[in-house]
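Text of model_24.cif, listed as mmCIF, C-alpha atoms:
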```cif
data_structure
#
loop_
_atom_site.label_atom_id
_atom_site.label_comp_id
_atom_site.auth_asym_id
_atom_site.auth_seq_id
_atom_site.Cartn_x
_atom_site.Cartn_y
_atom_site.Cartn_z
CA MET A 129 71.51 -70.17 231.23
CA ARG A 130 73.22 -70.20 234.62
CA SER A 131 76.93 -70.46 235.09
CA THR A 132 78.35 -73.09 237.41
CA PRO A 133 78.94 -71.57 240.86
CA PRO A 134 82.51 -71.66 242.15
CA PRO A 135 83.38 -74.41 244.62
CA PRO A 136 82.93 -73.43 248.27
CA ALA A 137 86.00 -72.25 250.14
CA ARG A 138 84.83 -73.99 253.34
CA ARG A 139 83.43 -77.35 254.30
CA TRP A 140 79.84 -77.91 255.42
CA ASP A 141 80.86 -77.38 259.04
CA GLY A 142 82.54 -74.04 258.30
CA SER A 143 86.16 -75.28 258.50
CA PRO A 144 88.46 -74.01 255.74
CA LEU A 145 89.47 -76.33 252.92
CA ALA A 146 93.09 -77.49 253.00
CA HIS A 147 94.94 -76.55 249.82
CA ARG A 148 97.19 -79.25 248.41
CA VAL A 149 100.68 -77.92 247.87
CA ARG A 150 102.35 -79.29 244.76
CA ARG A 151 105.94 -80.23 245.41
CA SER A 152 108.52 -80.65 242.69
CA LEU A 153 110.51 -83.86 242.45
CA ARG A 154 114.05 -83.43 243.74
CA VAL A 155 117.12 -85.63 243.53
CA SER A 156 119.35 -86.11 246.53
CA PRO A 157 122.96 -85.16 245.68
CA ASP A 158 124.16 -88.01 247.93
CA GLY A 159 121.97 -90.66 246.28
CA VAL A 160 123.33 -93.53 244.23
CA SER A 161 121.55 -92.35 241.09
CA ARG A 162 120.87 -88.79 239.96
CA LEU A 163 118.42 -90.08 237.35
CA LEU A 164 114.74 -89.64 238.07
CA ARG A 165 112.72 -92.77 238.73
CA CYS A 166 110.92 -92.26 235.40
CA SER A 167 111.80 -91.08 231.89
CA GLN A 168 114.90 -93.27 231.67
CA GLY A 169 113.79 -94.90 228.44
CA ASP A 170 116.13 -95.07 225.48
CA ARG A 171 116.82 -97.11 222.37
CA CYS A 172 119.69 -99.51 221.87
CA ARG A 173 122.26 -98.05 219.48
CA GLU A 174 122.96 -101.50 218.06
CA CYS A 175 119.46 -102.88 217.38
CA GLY A 176 117.08 -99.92 217.88
CA ASN A 177 114.82 -101.66 220.41
CA ARG A 178 113.60 -99.93 223.54
CA ILE A 179 115.66 -100.21 226.73
CA GLU A 180 115.67 -98.68 230.20
CA TRP A 181 118.77 -97.33 231.90
CA TYR A 182 119.36 -97.99 235.60
CA HIS A 183 122.31 -97.52 237.90
CA ARG A 184 123.82 -100.37 239.85
CA GLY A 185 124.88 -100.08 243.48
CA ALA A 186 128.38 -99.02 242.35
CA GLN A 187 126.96 -96.21 240.15
CA ARG A 188 127.63 -98.17 236.97
CA PRO A 189 124.82 -98.01 234.37
CA VAL A 190 123.10 -101.11 233.06
CA ARG A 191 120.60 -101.54 230.21
CA LEU A 192 117.50 -103.57 231.09
CA HIS A 193 114.65 -104.90 228.99
CA PRO A 194 111.73 -102.46 229.43
CA HIS A 195 109.24 -105.14 230.56
CA GLU A 196 109.17 -107.55 233.47
CA LEU A 197 109.31 -111.25 232.66
CA PRO A 198 108.14 -114.31 234.62
CA ALA A 199 111.08 -115.50 236.70
CA ALA A 200 110.35 -119.11 235.72
CA ARG A 201 111.15 -118.29 232.07
CA VAL A 202 114.47 -116.56 232.81
CA PRO A 203 117.60 -118.46 233.90
CA SER A 204 118.78 -117.56 237.39
CA VAL A 205 122.06 -116.10 236.10
CA CYS A 206 120.13 -113.58 233.94
CA ARG A 207 117.69 -112.33 236.58
CA TRP A 208 117.80 -108.76 237.84
CA HIS A 209 115.51 -106.73 240.07
CA VAL A 210 115.01 -103.02 240.68
CA SER A 211 114.68 -101.59 244.18
CA SER A 212 114.24 -97.84 244.81
CA GLY A 213 115.39 -97.04 241.29
CA VAL A 214 118.65 -99.05 241.55
CA ALA A 215 119.20 -102.31 239.67
CA TYR A 216 120.67 -105.36 241.40
CA PRO A 217 121.67 -108.74 239.92
CA GLY A 218 119.61 -111.69 241.06
CA GLY A 219 115.96 -112.12 241.90
CA ASP A 220 114.10 -110.51 244.77
CA GLY A 221 112.01 -113.58 245.64
CA SER A 222 109.00 -112.59 243.54
CA SER A 223 107.63 -114.37 240.49
CA TRP A 224 108.78 -111.52 238.19
CA CYS A 225 112.24 -110.28 237.27
CA ARG A 226 114.07 -107.94 234.90
CA LEU A 227 116.44 -108.95 232.12
CA PRO A 228 119.61 -107.28 230.80
CA HIS A 229 119.15 -106.17 227.22
CA ALA A 230 122.60 -107.44 226.22
CA VAL A 231 121.42 -111.03 226.72
CA VAL A 232 118.71 -110.77 224.04
CA CYS A 233 120.09 -108.00 221.81
CA PRO A 234 119.69 -109.29 218.21
CA ALA A 235 122.74 -107.31 217.07
CA ARG A 236 125.01 -109.48 219.22
CA ASP A 237 125.74 -112.98 218.01
CA VAL A 238 128.19 -114.11 220.68
CA PRO A 239 127.42 -115.50 223.18
CA PRO A 240 124.03 -116.91 222.09
CA PRO A 241 121.10 -116.37 224.47
CA PRO A 242 119.80 -119.22 226.63
CA PRO A 243 117.15 -121.46 224.99
CA GLU A 244 114.42 -119.97 227.21
CA LEU A 245 115.04 -116.50 225.72
CA THR A 246 115.39 -117.45 222.05
CA GLY A 247 111.80 -116.46 221.26
CA LEU A 248 112.20 -113.01 222.82
CA ARG A 249 115.41 -112.40 220.90
CA ARG A 250 113.69 -113.46 217.66
CA SER A 251 110.85 -110.99 218.22
CA LEU A 252 113.34 -108.19 218.90
CA ALA A 253 115.16 -109.06 215.66
CA VAL A 254 111.87 -108.79 213.74
CA ASN A 255 111.21 -105.40 215.32
CA THR A 256 114.70 -104.25 214.33
CA ARG A 257 114.03 -105.21 210.73
CA ARG A 258 110.73 -103.27 210.83
CA LEU A 259 112.49 -100.15 212.14
CA ILE A 260 115.15 -100.40 209.43
CA ASP A 261 112.57 -100.86 206.66
CA ALA A 262 110.55 -97.90 207.94
CA GLY A 263 113.63 -95.68 208.08
CA ALA A 264 113.27 -95.13 211.83
CA PHE A 265 116.59 -96.78 212.69
CA THR A 266 119.95 -96.98 210.97
CA PRO A 267 122.40 -99.53 212.38
CA CYS A 268 125.90 -98.34 213.06
CA PRO A 269 128.26 -99.59 210.34
CA ALA A 270 131.12 -101.73 211.56
CA SER A 271 133.82 -99.66 209.92
CA PRO A 272 137.51 -100.35 210.55
CA GLY A 273 139.68 -97.85 212.33
CA SER A 274 139.95 -94.59 210.44
CA PRO A 275 143.41 -93.28 209.58
CA ALA A 276 145.06 -90.99 212.07
CA PRO A 277 144.54 -87.28 211.43
CA GLN A 278 147.35 -85.10 210.19
CA ARG A 279 149.24 -83.19 212.85
CA GLY A 280 148.60 -79.45 212.81
CA ASN A 281 145.21 -79.73 211.09
CA PRO A 282 142.55 -79.62 213.83
CA ALA A 283 139.69 -79.38 211.32
CA ALA A 284 140.52 -82.85 209.99
CA CYS A 285 140.41 -84.42 213.47
CA ARG A 286 136.75 -85.25 214.05
CA PRO A 287 136.38 -88.97 214.84
CA ALA A 288 132.88 -90.37 215.22
CA ARG A 289 133.72 -91.83 218.65
CA PRO A 290 136.58 -89.81 220.11
CA VAL A 291 138.64 -90.67 223.16
CA VAL A 292 138.39 -87.87 225.72
CA GLN A 293 141.12 -87.74 228.34
CA LEU A 294 140.54 -86.33 231.80
CA PRO A 295 143.25 -86.63 234.46
CA TYR A 296 144.48 -90.25 234.48
CA VAL A 297 141.25 -91.57 232.83
CA ARG A 298 140.25 -91.91 229.17
CA TYR A 299 136.59 -92.00 228.17
CA LEU A 300 135.19 -93.31 224.89
CA ALA A 301 132.53 -90.84 223.75
CA ALA A 302 129.47 -91.95 221.79
CA ARG A 303 129.53 -89.02 219.34
CA PRO A 304 131.95 -86.33 218.09
CA VAL A 305 133.27 -83.86 220.64
CA ASP A 306 131.24 -80.92 219.33
CA GLU A 307 128.03 -82.99 219.53
CA ILE A 308 128.30 -84.25 223.13
CA GLN A 309 125.01 -83.10 224.64
CA CYS A 310 124.16 -82.06 228.19
CA ILE A 311 122.22 -84.72 230.11
CA ALA A 312 120.42 -82.39 232.54
CA GLN A 313 116.65 -82.02 232.59
CA THR A 314 115.10 -78.66 231.77
CA ARG A 315 112.09 -77.10 233.48
CA ARG A 316 109.86 -78.45 230.72
CA ARG A 317 111.08 -81.96 231.57
CA HIS A 318 113.03 -82.32 228.36
CA ARG A 319 116.71 -83.01 227.86
CA CYS A 320 118.88 -79.93 227.54
CA THR A 321 119.90 -79.28 223.94
CA SER A 322 123.13 -77.44 224.78
CA THR A 323 126.52 -79.02 224.09
CA LEU A 324 129.49 -79.23 226.43
CA LEU A 325 131.83 -77.52 224.00
CA SER A 326 131.16 -73.79 224.17
CA PRO A 327 133.06 -70.78 222.77
CA ASP A 328 132.88 -69.17 226.23
CA THR A 329 134.79 -72.00 227.95
CA PRO A 330 138.37 -73.27 227.49
CA ALA A 331 138.67 -76.13 225.03
CA GLY A 332 140.93 -79.14 225.00
CA THR A 333 143.70 -80.03 222.58
CA TRP A 334 144.07 -82.93 220.19
CA LYS A 335 147.12 -85.11 220.78
CA LEU A 336 148.60 -88.23 219.25
CA VAL A 337 149.61 -90.75 221.92
CA PRO A 338 151.00 -94.29 221.65
CA ALA A 339 148.38 -97.01 221.47
CA ALA A 340 150.70 -99.85 222.50
CA ALA A 341 149.82 -102.03 225.47
CA THR A 342 151.03 -100.74 228.83
CA SER A 343 150.36 -102.08 232.32
CA GLY A 344 148.29 -105.01 231.11
CA GLN A 345 146.08 -103.02 228.71
CA LEU A 346 144.85 -104.47 225.43
CA ALA A 347 147.02 -103.67 222.43
CA LEU A 348 145.28 -101.68 219.68
CA PRO A 349 145.94 -102.37 215.97
CA ALA A 350 147.22 -98.82 215.31
CA ALA A 351 150.55 -97.48 216.55
CA VAL A 352 149.14 -94.12 217.69
CA MET A 353 145.68 -92.78 218.46
CA ALA A 354 144.19 -89.31 218.68
CA ILE A 355 142.76 -88.18 222.02
CA TYR A 356 140.99 -84.99 223.07
CA ASP A 357 143.06 -83.94 226.08
CA LEU A 358 141.30 -81.90 228.79
CA SER A 359 144.10 -82.07 231.36
CA ALA A 360 145.14 -78.45 230.88
CA ILE A 361 141.72 -76.86 231.49
CA PRO A 362 140.67 -75.72 235.02
CA TYR A 363 139.58 -78.39 237.47
CA ALA A 364 136.01 -77.05 237.63
CA GLU A 365 135.75 -77.47 233.86
CA GLN A 366 137.04 -81.03 234.11
CA LEU A 367 134.31 -81.85 236.63
CA ARG A 368 131.73 -80.31 234.31
CA TRP A 369 132.88 -82.51 231.42
CA ARG A 370 132.91 -85.59 233.62
CA ALA A 371 129.34 -84.89 234.77
CA GLN A 372 128.39 -84.09 231.13
CA ARG A 373 126.61 -80.85 231.92
CA CYS A 374 126.50 -77.60 230.00
CA LEU A 375 127.74 -74.34 231.45
CA ARG A 376 124.27 -73.30 232.62
CA HIS A 377 123.26 -76.57 234.29
CA SER A 378 126.64 -77.02 235.96
CA ALA A 379 125.62 -74.14 238.24
CA ILE A 380 122.31 -75.87 239.15
CA PRO A 381 123.21 -78.91 241.30
CA THR A 382 119.53 -79.67 242.02
CA ALA A 383 118.71 -80.33 238.37
CA ALA A 384 118.24 -84.02 237.69
CA ASP A 385 119.92 -86.07 234.97
CA LEU A 386 117.61 -87.24 232.21
CA ALA A 387 120.08 -89.61 230.56
CA VAL A 388 123.18 -91.63 231.32
CA ALA A 389 126.50 -89.93 230.70
CA ASP A 390 128.29 -91.04 227.54
#
```
If you convert what's in this file into structure tokens, what do you get?
Amino acid sequence: MRSTPPPPARRWDGSPLAHRVRRSLRVSPDGVSRLLRCSQGDRCRECGNRIEWYHRGAQRPVRLHPHELPAARVPSVCRWHVSSGVAYPGGDGSSWCRLPHAVVCPARDVPPPPPELTGLRRSLAVNTRRLIDAGAFTPCPASPGSPAPQRGNPAACRPARPVVQLPYVRYLAARPVDEIQCIAQTRRRHRCTSTLLSPDTPAGTWKLVPAAATSGQLALPAAVMAIYDLSAIPYAEQLRWRAQRCLRHSAIPTAADLAVAD
């Protein structure tokens, strides 16, 4: 039994073989989107169906249906297209287009989808019911506002969707403060499992602030609301929270984002 001989290091004419150098995918820090052009898939938190996250030209995220649809079946006001990893409203002149997930999300009743998209919304609703029956998806309960926490008891202040305040801006988080996860990609191409809140970094403080309408804002039903204030921490830490990166990945600017910031 003979073993297979190794491949020749030179061509038939004696010239050396050119070795292909594998290059890693990098993200330009000046680009519109820090997300890679792939692995942006996610599931809708309201219905459980698959979606794809893209950034618009103004760096605002948008959820799109994961499949292209014939442009003739989609109303012109609902058509989107993707160019170089960035989503733009309107068609690009081709016979295919993308569709925002919010138009056909079965968990949203108002406004109803256009008649051309009723069948797609019905199929997504059937898939949602299958996921719920199989235990793979649990819809978020529409619970009323929880009572305000008692002052001086930080352990009791753990809202499911807290309001995090950075200088002059308030952000509505998707999960409790101690569960906000880093969105950077690891070397194994997985999402980092570290959280933003770390015992080695300064933490914010819980405060009760008025929830009344000011400067044209919408009035909330409660008189006060609890916010997680990060205004007193160093400016570098504020930027780290705004970028939603852990302490280790905040020092690696070339690492790509694998998810959209909450």
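As for atom CA of A:Ala354 and atom CA of A:Arg188, they are spaced 26.2 Å apart.
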*For A:Pro295, which residue out of A:Arg173, A:Arg370, A:Arg184, A:Arg236 is the nearest one, using only C-alpha atoms?*
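Answer, going by the shortest atom-to-atom distance: A:Arg370.
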*asked:* With all atoms listed in the file as the counted atoms, please give the residues lying no more than 9 Å from stretch 289-292 of chain A, apart from itself and same-chain residues fewer than 4 positions off, as a ChimeraX atom specification.
replied: /A:297-305,353-358
_Neighbours of point (134.4, -81.0, 231.5) within 12 Å, using only C-alpha atoms, written as a ChimeraX atom specification_ = /A:292-295,299,305,308-310,323-326,329-332,356-375,378,389
*Determine the nearest neighbour of A:Ile179 from the options A:Val214, A:Ala264, A:Leu227, A:Val202, counting only C-alpha atoms.*
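Residue with the minimum atom-to-atom distance to A:Ile179: A:Leu227.
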_Which residues, named as in the file, does the PyMOL selection byres ((chain A and resi 267) around 12) pick out? Answer as a VMD selection string._
chain A and resid 171 to 177 234 to 235 256 to 257 259 to 261 263 to 266 268 to 271
Just to be explicit: take each residue in the selection above, keep C-alpha atoms, and write the result as a tab-separated table (two decimals), keeping the file's coordinate frame.
```tsv
chain	number	residue	atom	x	y	z
A	171	ARG	CA	116.82	-97.11	222.37
A	172	CYS	CA	119.69	-99.51	221.87
A	173	ARG	CA	122.26	-98.05	219.48
A	174	GLU	CA	122.96	-101.50	218.06
A	175	CYS	CA	119.46	-102.88	217.38
A	176	GLY	CA	117.08	-99.92	217.88
A	177	ASN	CA	114.82	-101.66	220.41
A	234	PRO	CA	119.69	-109.29	218.21
A	235	ALA	CA	122.74	-107.31	217.07
A	256	THR	CA	114.70	-104.25	214.33
A	257	ARG	CA	114.03	-105.21	210.73
A	259	LEU	CA	112.49	-100.15	212.14
A	260	ILE	CA	115.15	-100.40	209.43
A	261	ASP	CA	112.57	-100.86	206.66
A	263	GLY	CA	113.63	-95.68	208.08
A	264	ALA	CA	113.27	-95.13	211.83
A	265	PHE	CA	116.59	-96.78	212.69
A	266	THR	CA	119.95	-96.98	210.97
A	268	CYS	CA	125.90	-98.34	213.06
A	269	PRO	CA	128.26	-99.59	210.34
A	270	ALA	CA	131.12	-101.73	211.56
A	271	SER	CA	133.82	-99.66	209.92
```
_Report, in Å with one decimal, the straight-line distance from atom CA of A:His195 to atom CA of A:Trp208._
11.8 Å
*By how many Å are atom CA of A:Pro381 and atom CA of A:Ala312 apart?*
9.8 Å
_Which residues are close to A:Thr314, i.e. within 9 Å by only C-alpha atoms, leaving aside same-chain residues fewer than 2 positions away? Reply as a ChimeraX atom specification._
/A:312,316-320,377,383-384,386
Go ahead and write the selection's residues with C-alpha atoms as a PDB file, in the coordinates of the input.
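Listed below is the output, out-v5.pdb:
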```
ATOM      1  CA  ALA A 312     120.420 -82.390 232.540  1.00  0.00           C
ATOM      2  CA  ARG A 316     109.860 -78.450 230.720  1.00  0.00           C
ATOM      3  CA  ARG A 317     111.080 -81.960 231.570  1.00  0.00           C
ATOM      4  CA  HIS A 318     113.030 -82.320 228.360  1.00  0.00           C
ATOM      5  CA  ARG A 319     116.710 -83.010 227.860  1.00  0.00           C
ATOM      6  CA  CYS A 320     118.880 -79.930 227.540  1.00  0.00           C
ATOM      7  CA  HIS A 377     123.260 -76.570 234.290  1.00  0.00           C
ATOM      8  CA  ALA A 383     118.710 -80.330 238.370  1.00  0.00           C
ATOM      9  CA  ALA A 384     118.240 -84.020 237.690  1.00  0.00           C
ATOM     10  CA  LEU A 386     117.610 -87.240 232.210  1.00  0.00           C
TER      11      LEU A 386
END
```
Residues within 10 Å of A:Ser204, please, as a PDB file with C-alpha atoms, in the coordinates of the input. Count all atoms listed in the file; anything in the same chain fewer than 3 positions from it doesn't count.
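Now in out-v5.pdb:
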```pdb
ATOM      1  CA  ALA A 199     111.080-115.500 236.700  1.00  0.00           C
ATOM      2  CA  ALA A 200     110.350-119.110 235.720  1.00  0.00           C
ATOM      3  CA  ARG A 201     111.150-118.290 232.070  1.00  0.00           C
ATOM      4  CA  ARG A 207     117.690-112.330 236.580  1.00  0.00           C
ATOM      5  CA  TRP A 208     117.800-108.760 237.840  1.00  0.00           C
ATOM      6  CA  PRO A 217     121.670-108.740 239.920  1.00  0.00           C
ATOM      7  CA  GLY A 218     119.610-111.690 241.060  1.00  0.00           C
ATOM      8  CA  GLY A 219     115.960-112.120 241.900  1.00  0.00           C
ATOM      9  CA  CYS A 225     112.240-110.280 237.270  1.00  0.00           C
TER      10      CYS A 225
END
```
_Ranking A:Cys233, A:Gln168, A:Ala288, A:Leu192 by minimum distance to A:Arg250 and counting all atoms listed in the file, which one comes first?_
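The closest residue to A:Arg250 is A:Cys233.
Closest to A:Val232 among A:Pro287, A:Ala215, A:Val337, A:Arg191 is A:Arg191, based on all atoms listed in the file.
In terms of minimum interatomic distance to A:Ala230, A:His193 ranks closest within A:Arg258, A:Arg178, A:His193, A:Arg315, counting all atoms listed in the file.
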